[in-house]
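Novice: What follows is data-v7.cif, mmCIF, C-alpha atoms.
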```cif
data_input
loop_
_atom_site.label_atom_id
_atom_site.label_comp_id
_atom_site.auth_asym_id
_atom_site.auth_seq_id
_atom_site.Cartn_x
_atom_site.Cartn_y
_atom_site.Cartn_z
CA MET V 32 21.26 14.99 17.74
CA TRP V 33 18.68 12.23 17.93
CA ILE V 34 17.56 10.48 14.73
CA ASP V 35 14.08 8.98 14.50
CA THR V 36 14.77 6.19 12.02
CA HIS V 37 11.10 5.38 11.39
CA CYS V 38 8.07 7.67 11.56
CA HIS V 39 5.06 7.92 9.28
CA LEU V 40 4.62 11.68 9.40
CA ASP V 41 2.27 11.59 6.42
CA ALA V 42 -0.26 9.41 8.29
CA PRO V 43 -3.93 10.53 8.46
CA GLU V 44 -3.64 10.94 12.23
CA PHE V 45 -1.55 14.05 11.60
CA GLY V 46 -4.19 15.67 9.39
CA ALA V 47 -4.63 15.88 5.65
CA ASP V 48 -2.86 19.24 5.48
CA HIS V 49 0.06 18.07 7.66
CA ALA V 50 -0.46 21.03 10.01
CA LEU V 51 -0.08 18.83 13.10
CA THR V 52 2.98 17.20 11.54
CA LEU V 53 4.65 20.57 11.14
CA SER V 54 3.97 21.72 14.69
CA LEU V 55 5.08 18.42 16.22
CA ARG V 56 8.21 18.39 14.09
CA VAL V 57 9.15 21.84 15.36
CA ARG V 58 8.69 20.64 18.95
CA ALA V 59 10.79 17.54 18.27
CA ALA V 60 13.57 19.64 16.76
CA ALA V 61 13.61 21.79 19.89
CA LEU V 62 14.20 18.58 21.88
CA GLY V 63 17.16 17.61 19.72
CA VAL V 64 15.57 15.38 17.08
CA GLY V 65 17.67 16.46 14.14
CA LEU V 66 16.46 14.06 11.45
CA CYS V 67 13.54 11.73 10.82
CA VAL V 68 13.16 8.98 8.24
CA ILE V 69 9.69 8.91 6.65
CA PRO V 70 9.04 5.58 4.89
CA ALA V 71 6.48 5.11 2.15
CA VAL V 72 4.02 2.23 2.37
CA GLU V 73 2.50 2.12 -1.12
CA ARG V 74 2.74 3.64 -4.56
CA SER V 75 0.15 6.32 -3.78
CA ASN V 76 2.34 7.97 -1.11
CA PHE V 77 5.73 7.88 -2.84
CA ASP V 78 5.45 11.56 -3.80
CA THR V 79 3.86 12.51 -0.48
CA VAL V 80 6.73 11.25 1.69
CA ARG V 81 9.33 12.72 -0.66
CA GLN V 82 7.73 16.15 -0.67
CA LEU V 83 7.13 16.07 3.09
CA ALA V 84 10.74 15.11 3.78
CA HIS V 85 11.95 18.06 1.74
CA ARG V 86 9.47 20.40 3.43
CA LEU V 87 10.59 19.32 6.90
CA GLY V 88 14.29 18.99 6.16
CA ASP V 89 14.06 15.25 6.85
CA THR V 90 14.63 12.07 4.83
CA TYR V 91 12.51 9.37 3.23
CA ALA V 92 12.41 5.82 1.96
CA LEU V 93 10.36 4.37 -0.90
CA GLY V 94 8.76 0.94 -0.77
CA ILE V 95 5.62 -1.17 -0.59
CA HIS V 96 4.60 -2.32 2.91
CA PRO V 97 3.46 -5.93 3.36
CA LEU V 98 0.11 -4.72 4.73
CA CYS V 99 -0.43 -2.97 1.40
CA VAL V 100 0.42 -6.01 -0.71
CA PRO V 101 -3.20 -7.29 -0.94
CA HIS V 102 -4.22 -4.33 -3.10
CA ALA V 103 -0.86 -3.72 -4.77
CA GLN V 104 -0.35 -4.41 -8.46
CA ASP V 105 2.74 -5.85 -10.12
CA THR V 106 3.07 -2.54 -11.99
CA ASP V 107 3.61 -0.82 -8.62
CA LEU V 108 7.05 -2.43 -8.59
CA ASP V 109 7.78 -0.83 -11.95
CA ALA V 110 6.65 2.50 -10.49
CA LEU V 111 8.96 1.99 -7.51
CA ASP V 112 11.88 1.23 -9.82
CA ALA V 113 11.08 4.37 -11.83
CA ALA V 114 10.86 6.53 -8.68
CA LEU V 115 14.15 5.18 -7.36
CA THR V 116 15.74 5.97 -10.71
CA GLU V 117 14.23 9.46 -10.96
CA HIS V 118 15.23 10.44 -7.44
CA GLY V 119 18.37 8.36 -7.19
CA LEU V 120 20.56 11.44 -6.68
CA ASP V 121 18.27 12.98 -4.07
CA PRO V 122 20.34 13.02 -0.86
CA ARG V 123 17.15 12.77 1.20
CA LEU V 124 16.28 9.37 -0.30
CA VAL V 125 18.05 7.04 2.14
CA ALA V 126 16.55 3.54 1.73
CA VAL V 127 14.07 1.19 0.13
CA GLY V 128 11.29 0.77 2.65
CA GLU V 129 9.09 0.00 4.33
CA ILE V 130 9.19 -3.53 2.97
CA GLY V 131 9.06 -6.97 4.52
CA LEU V 132 6.72 -9.73 5.66
CA ASP V 133 3.84 -9.77 8.14
CA PHE V 134 2.62 -13.14 9.44
CA PHE V 135 0.62 -11.63 12.32
CA VAL V 136 -2.46 -10.36 10.46
CA PRO V 137 -4.64 -13.43 9.75
CA ALA V 138 -5.62 -12.27 6.26
CA LEU V 139 -1.94 -12.16 5.31
CA CYS V 140 -1.22 -15.69 6.53
CA THR V 141 -3.01 -17.69 3.86
CA PRO V 142 -0.66 -19.62 1.56
CA GLU V 143 -1.57 -17.32 -1.32
CA MET V 144 -0.87 -14.12 0.62
CA ARG V 145 2.36 -15.45 2.11
CA GLU V 146 3.54 -16.19 -1.43
CA ARG V 147 2.39 -12.77 -2.66
CA GLN V 148 4.21 -11.01 0.18
CA SER V 149 7.38 -12.95 -0.56
CA PHE V 150 7.14 -12.00 -4.23
CA PHE V 151 6.95 -8.28 -3.39
CA TYR V 152 9.63 -8.53 -0.72
CA ARG V 153 12.12 -10.30 -2.98
CA ALA V 154 11.39 -7.93 -5.86
CA GLN V 155 12.12 -4.96 -3.61
CA LEU V 156 15.31 -6.52 -2.30
CA ARG V 157 16.42 -6.77 -5.92
CA LEU V 158 15.55 -3.11 -6.47
CA ALA V 159 17.55 -2.12 -3.40
CA ARG V 160 20.53 -4.02 -4.81
CA LYS V 161 20.04 -2.43 -8.22
CA HIS V 162 19.94 1.11 -6.81
CA GLY V 163 22.60 0.59 -4.15
CA LEU V 164 20.36 1.39 -1.20
CA PRO V 165 19.88 -0.24 2.22
CA VAL V 166 16.46 -1.51 3.24
CA ILE V 167 14.06 -0.83 6.09
CA VAL V 168 12.23 -4.06 6.84
CA HIS V 169 8.96 -4.74 8.63
CA VAL V 170 9.34 -7.78 10.89
CA ARG V 171 6.23 -9.21 12.54
CA ARG V 172 6.29 -12.93 13.29
CA SER V 173 8.35 -13.28 10.14
CA ALA V 174 11.99 -12.92 11.18
CA ASP V 175 13.19 -16.34 10.04
CA MET V 176 11.65 -16.02 6.58
CA LEU V 177 12.90 -12.44 6.23
CA LEU V 178 16.39 -13.64 7.06
CA LYS V 179 16.14 -16.51 4.58
CA HIS V 180 15.39 -14.11 1.73
CA LEU V 181 18.07 -11.65 2.89
CA ARG V 182 20.69 -14.40 2.79
CA GLU V 183 19.66 -15.21 -0.78
CA LEU V 184 19.45 -11.54 -1.83
CA PRO V 185 21.80 -9.60 0.46
CA THR V 186 21.47 -5.84 0.37
CA GLY V 187 24.42 -4.84 2.50
CA GLY V 188 22.26 -3.96 5.47
CA GLY V 189 19.67 -1.55 6.72
CA ILE V 190 17.27 -1.52 9.67
CA ALA V 191 15.02 -4.23 11.09
CA HIS V 192 12.21 -1.93 12.15
CA ALA V 193 10.40 -2.44 15.49
CA PHE V 194 12.44 -5.53 16.23
CA ASN V 195 10.75 -7.94 18.63
CA GLY V 196 12.39 -11.28 17.90
CA SER V 197 14.70 -13.59 19.77
CA GLY V 198 18.31 -13.02 20.69
CA GLN V 199 19.37 -15.53 18.04
CA GLN V 200 17.34 -13.72 15.38
CA ALA V 201 18.83 -10.41 16.52
CA GLN V 202 22.32 -11.79 16.06
CA ALA V 203 21.39 -13.06 12.60
CA PHE V 204 20.20 -9.63 11.48
CA VAL V 205 23.30 -7.98 12.91
CA GLY V 206 25.43 -10.53 11.10
CA LEU V 207 23.85 -9.42 7.82
CA GLY V 208 24.74 -5.80 8.50
CA PHE V 209 21.47 -4.65 10.03
CA LYS V 210 20.70 -2.41 12.97
CA LEU V 211 17.66 -3.15 15.13
CA GLY V 212 14.99 -0.51 15.72
CA PHE V 213 13.74 0.06 19.28
CA GLY V 214 10.87 2.37 20.18
CA GLY V 215 7.81 2.77 22.32
CA ALA V 216 7.22 -0.95 22.88
CA CYS V 217 10.26 -1.23 25.12
CA THR V 218 8.82 1.37 27.52
CA PHE V 219 6.21 -1.14 28.75
CA GLU V 220 7.42 -3.09 31.78
CA PRO V 221 5.56 -6.32 30.79
CA ALA V 222 7.63 -6.45 27.56
CA ARG V 223 10.35 -8.34 29.42
CA GLN V 224 12.07 -10.06 26.50
CA LEU V 225 12.19 -6.89 24.43
CA ARG V 226 13.49 -4.86 27.37
CA ARG V 227 16.12 -7.52 28.02
CA LEU V 228 17.27 -7.28 24.41
CA ALA V 229 17.38 -3.48 24.66
CA ALA V 230 19.55 -3.85 27.75
CA GLU V 231 21.88 -6.59 26.60
CA LEU V 232 22.41 -6.29 22.84
CA PRO V 233 25.69 -4.73 21.75
CA LEU V 234 25.26 -0.97 21.70
CA THR V 235 26.44 -0.97 18.09
CA ALA V 236 23.32 -2.95 17.09
CA MET V 237 20.67 -0.41 18.08
CA VAL V 238 18.85 2.51 16.51
CA LEU V 239 15.87 4.40 17.90
CA GLU V 240 12.51 5.06 16.30
CA THR V 241 8.96 6.07 17.20
CA ASP V 242 6.98 4.47 14.33
CA ALA V 243 4.72 7.47 14.82
CA PRO V 244 1.77 7.52 15.00
CA ASP V 245 1.87 3.78 15.80
CA ILE V 246 3.44 1.98 18.80
CA PRO V 247 2.96 4.76 21.36
CA PRO V 248 5.11 4.62 24.52
CA HIS V 249 3.39 3.69 27.75
CA TRP V 250 2.82 7.30 28.83
CA LEU V 251 0.62 7.90 25.76
CA TYR V 252 -1.16 4.56 25.71
CA ALA V 253 -4.78 4.22 26.80
CA THR V 254 -6.34 0.77 27.19
CA ALA V 255 -9.66 -0.09 25.58
CA ALA V 256 -11.36 0.29 28.98
CA GLU V 257 -9.74 3.69 29.51
CA ARG V 258 -10.80 4.84 26.07
CA ALA V 259 -14.34 3.65 26.77
CA GLY V 260 -14.24 5.79 29.90
CA GLY V 261 -13.37 8.87 27.89
CA GLN V 262 -9.58 8.91 28.10
CA THR V 263 -8.01 9.82 24.77
CA GLN V 264 -5.06 8.08 23.20
CA GLY V 265 -2.01 10.30 23.04
CA VAL V 266 -0.52 11.13 19.66
CA ASN V 267 2.83 9.45 19.15
CA SER V 268 5.36 11.57 17.27
CA PRO V 269 9.11 12.25 17.11
CA VAL V 270 8.58 14.47 20.15
CA GLU V 271 8.64 11.26 22.21
CA LEU V 272 11.99 9.99 20.91
CA PRO V 273 14.25 11.59 23.53
CA ARG V 274 12.07 10.24 26.34
CA ILE V 275 12.09 6.77 24.75
CA GLY V 276 15.86 7.12 24.55
CA GLY V 277 15.89 7.90 28.25
CA VAL V 278 14.08 4.63 28.98
CA VAL V 279 16.54 2.64 26.87
CA ALA V 280 19.48 4.38 28.50
CA GLY V 281 18.07 3.47 31.89
CA LEU V 282 17.71 -0.17 30.87
CA ARG V 283 21.35 -0.19 29.79
CA GLY V 284 22.64 1.73 32.79
CA MET V 285 24.25 4.45 30.70
CA SER V 286 23.83 8.17 30.23
CA VAL V 287 21.19 9.51 27.86
CA ASP V 288 23.82 11.58 26.04
CA ALA V 289 25.99 8.53 25.42
CA LEU V 290 23.02 6.58 24.08
CA MET V 291 22.07 9.47 21.80
CA LYS V 292 25.57 9.66 20.32
CA ALA V 293 25.79 5.89 19.86
CA THR V 294 22.39 5.40 18.24
CA THR V 295 22.92 8.37 15.95
CA GLY V 296 26.21 6.87 14.82
CA ASN V 297 24.48 3.55 14.29
CA ALA V 298 21.79 5.22 12.16
CA LEU V 299 24.48 6.75 9.96
CA ALA V 300 26.07 3.33 9.55
CA ALA V 301 22.73 1.72 8.63
CA LEU V 302 21.62 4.51 6.26
CA PRO V 303 24.86 6.06 4.94
CA ARG V 304 23.18 8.93 3.08
CA LEU V 305 22.18 10.42 6.44
CA ALA V 306 25.80 11.37 7.10
CA ALA V 307 25.92 14.25 4.61
CA LEU V 308 22.73 15.71 6.07
CA VAL V 309 24.05 15.45 9.63
CA ASP V 310 27.28 17.16 8.58
CA ALA V 311 25.25 19.95 6.98
CA ALA V 312 23.03 20.44 10.05
#
```
As structure tokens, how would this structure be written, given the file I've shared?

Specialist:
Amino acid sequence: MWIDTHCHLDAPEFGADHALTLSLRVRAAALGVGLCVIPAVERSNFDTVRQLAHRLGDTYALGIHPLCVPHAQDTDLDALDAALTEHGLDPRLVAVGEIGLDFFVPALCTPEMRERQSFFYRAQLRLARKHGLPVIVHVRRSADMLLKHLRELPTGGGIAHAFNGSGQQAQAFVGLGFKLGFGGACTFEPARQLRRLAAELPLTAMVLETDAPDIPPHWLYATAAERAGGQTQGVNSPVELPRIGGVVAGLRGMSVDALMKATTGNALAALPRLAALVDAA
């Protein structure tokens, strides 16, 4: 089976009643997507992702996203700790995430917000250590600082989501026990460095993801000019994962089936609780 290691199936783009989520998930399953990981982004959706994962037969992670840090309260960390404790024996809870640092959005790059992000990130690394869970980290122009904190507060690994760093940074994450998430961005031919990494990194370092509904592959993407002309943006979902896998397999010069087996094995290594669910499937 394929495993989509990162998809926000509770996002508003899929509808408030999750009807579109359900239909797309059925289509993805028919294409071989056996499991998805649905990460939380803030306290308000902890219960939503948990309930949705159980409804779909998928898995979830609990955490506070760096983009949500500006309106997060310190007490949200207490709520996260409580949720991780309450659901600690839930086999569908596979990680602490989505957590990390974002130094791309200008509003998050002020000294105060960089410090606030680091506070939340480090606190969540400590919670991951406390609860014995891997982490799913958001990396956007922040790889070196993420790595610095991980060296000081090692978690035993996890996934560097939507990785788009250098080869040296990739090796550093792998050295700390992390797998690197590749998705729709590597389907764009101008993304030369990312495509080179997808082609040349050790196969054991890679997992696949869609980040649905974000980061659509090139066949769903419409430019601003195209949208102005009436072309609609396609909806990214786990349905696209096998085709993304086909692109990555082509970059590596290997069969799609071999890539599927390898990246699924890598996902199980990064998020060990997935193994019992795969065995039960």

Novice: Translate the PyMOL selection byres ((chain V and resi 231-241) around 8), as applied to the file shown, into an explicit residue set as a ChimeraX atom specification.

Specialist: /V:34-38,193,205,209-215,227-230,242-247,267-269,271-272,276,283,293-295,297-298

Novice: Convert the output of the PyMOL selection byres ((chain V and resi 144) around 12) on the shown file into explicit residues, formatted as JSON, numbers by chain.

Specialist: {"V": [97, 98, 99, 100, 101, 102, 103, 132, 133, 134, 136, 137, 138, 139, 140, 141, 142, 143, 145, 146, 147, 148, 149, 150, 151, 152]}

Novice: Just write the chosen residues, C-alpha atoms, as a JSON list (two decimals), in the coordinates of the input.

Specialist:
```json
[["chain", "number", "residue", "atom", "x", "y", "z"],
["V", 97, "PRO", "CA", 3.46, -5.93, 3.36],
["V", 98, "LEU", "CA", 0.11, -4.72, 4.73],
["V", 99, "CYS", "CA", -0.43, -2.97, 1.40],
["V", 100, "VAL", "CA", 0.42, -6.01, -0.71],
["V", 101, "PRO", "CA", -3.20, -7.29, -0.94],
["V", 102, "HIS", "CA", -4.22, -4.33, -3.10],
["V", 103, "ALA", "CA", -0.86, -3.72, -4.77],
["V", 132, "LEU", "CA", 6.72, -9.73, 5.66],
["V", 133, "ASP", "CA", 3.84, -9.77, 8.14],
["V", 134, "PHE", "CA", 2.62, -13.14, 9.44],
["V", 136, "VAL", "CA", -2.46, -10.36, 10.46],
["V", 137, "PRO", "CA", -4.64, -13.43, 9.75],
["V", 138, "ALA", "CA", -5.62, -12.27, 6.26],
["V", 139, "LEU", "CA", -1.94, -12.16, 5.31],
["V", 140, "CYS", "CA", -1.22, -15.69, 6.53],
["V", 141, "THR", "CA", -3.01, -17.69, 3.86],
["V", 142, "PRO", "CA", -0.66, -19.62, 1.56],
["V", 143, "GLU", "CA", -1.57, -17.32, -1.32],
["V", 145, "ARG", "CA", 2.36, -15.45, 2.11],
["V", 146, "GLU", "CA", 3.54, -16.19, -1.43],
["V", 147, "ARG", "CA", 2.39, -12.77, -2.66],
["V", 148, "GLN", "CA", 4.21, -11.01, 0.18],
["V", 149, "SER", "CA", 7.38, -12.95, -0.56],
["V", 150, "PHE", "CA", 7.14, -12.00, -4.23],
["V", 151, "PHE", "CA", 6.95, -8.28, -3.39],
["V", 152, "TYR", "CA", 9.63, -8.53, -0.72]]
```

Novice: Any chance you could work out the residue set of the PyMOL selection byres ((chain V and resi 303) around 12) here, as JSON, numbers by chain?

Specialist: {"V": [90, 122, 123, 124, 125, 126, 163, 164, 165, 166, 187, 188, 189, 190, 295, 296, 297, 298, 299, 300, 301, 302, 304, 305, 306, 307, 308, 309, 310]}

Novice: Axis-aligned box over every listed atom of segment 52-71 of chain V, padded by 5 Å per side: centre and edges in Å to one decimal, as lines of an AutoDock Vina configuration file?

Specialist:
```
center_x = 10.3
center_y = 13.5
center_z = 12.0
size_x = 24.7
size_y = 26.7
size_z = 29.7
```

Novice: Considering only C-alpha atoms, state which residue in the set V:Ala159, V:Val57, V:Ala42, V:Ala174 is at the smallest distance from Val270 of chain V.

Specialist: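 Selected residue with least distance to Val270 of chain V: V:Val57.
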
Novice: For atom CA of Ala84 of chain V and atom CA of Leu207 of chain V, quote the distance in Å rounded to one decimal.

Specialist: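 Computing it gives 28.1 Å between the two atoms.
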
Novice: Could you tell me how far atom CA of Lys179 of chain V sits from atom CA of Ile130 of chain V, in Å to one decimal place?

Specialist: 14.8 Å

Novice: Residues at most 12 Å from Leu115 of chain V, counting all atoms listed in the file, excluding those fewer than 2 positions away in the same chain, as a ChimeraX atom specification?

Specialist: /V:74,77-78,81,91-94,108-113,117-128,155,158-164

Novice: As an exercise, work out the distance from atom CA of Ala50 of chain V to atom CA of Ala71 of chain V in Å and give it to one decimal place.

Specialist: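 Between atom CA of Ala50 of chain V and atom CA of Ala71 of chain V the gap is 19.1 Å.
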
Novice: When you count all atoms listed in the file, which of these residues is closest to Ala289 of chain V: V:Leu181, V:Met32, V:Gly206, V:Ala216?

Specialist: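 Between V:Leu181, V:Met32, V:Gly206, V:Ala216, the residue approaching Ala289 of chain V most closely is V:Met32.
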
Novice: Give the answer as one residue: which of V:Gly198, V:Ala191, V:Val279, V:Phe45 has the shortest atom-to-atom distance to Glu220 of chain V, using all atoms listed in the file?

Specialist: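 Counting all atoms listed in the file, the residue closest to Glu220 of chain V is V:Val279.
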
Novice: So which one's closest to Thr79 of chain V, V:Leu290, V:Phe219, V:His180, V:Asp48? Using all atoms listed in the file, please.

Specialist: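 Among the listed residues, the smallest separation from Thr79 of chain V belongs to V:Asp48.
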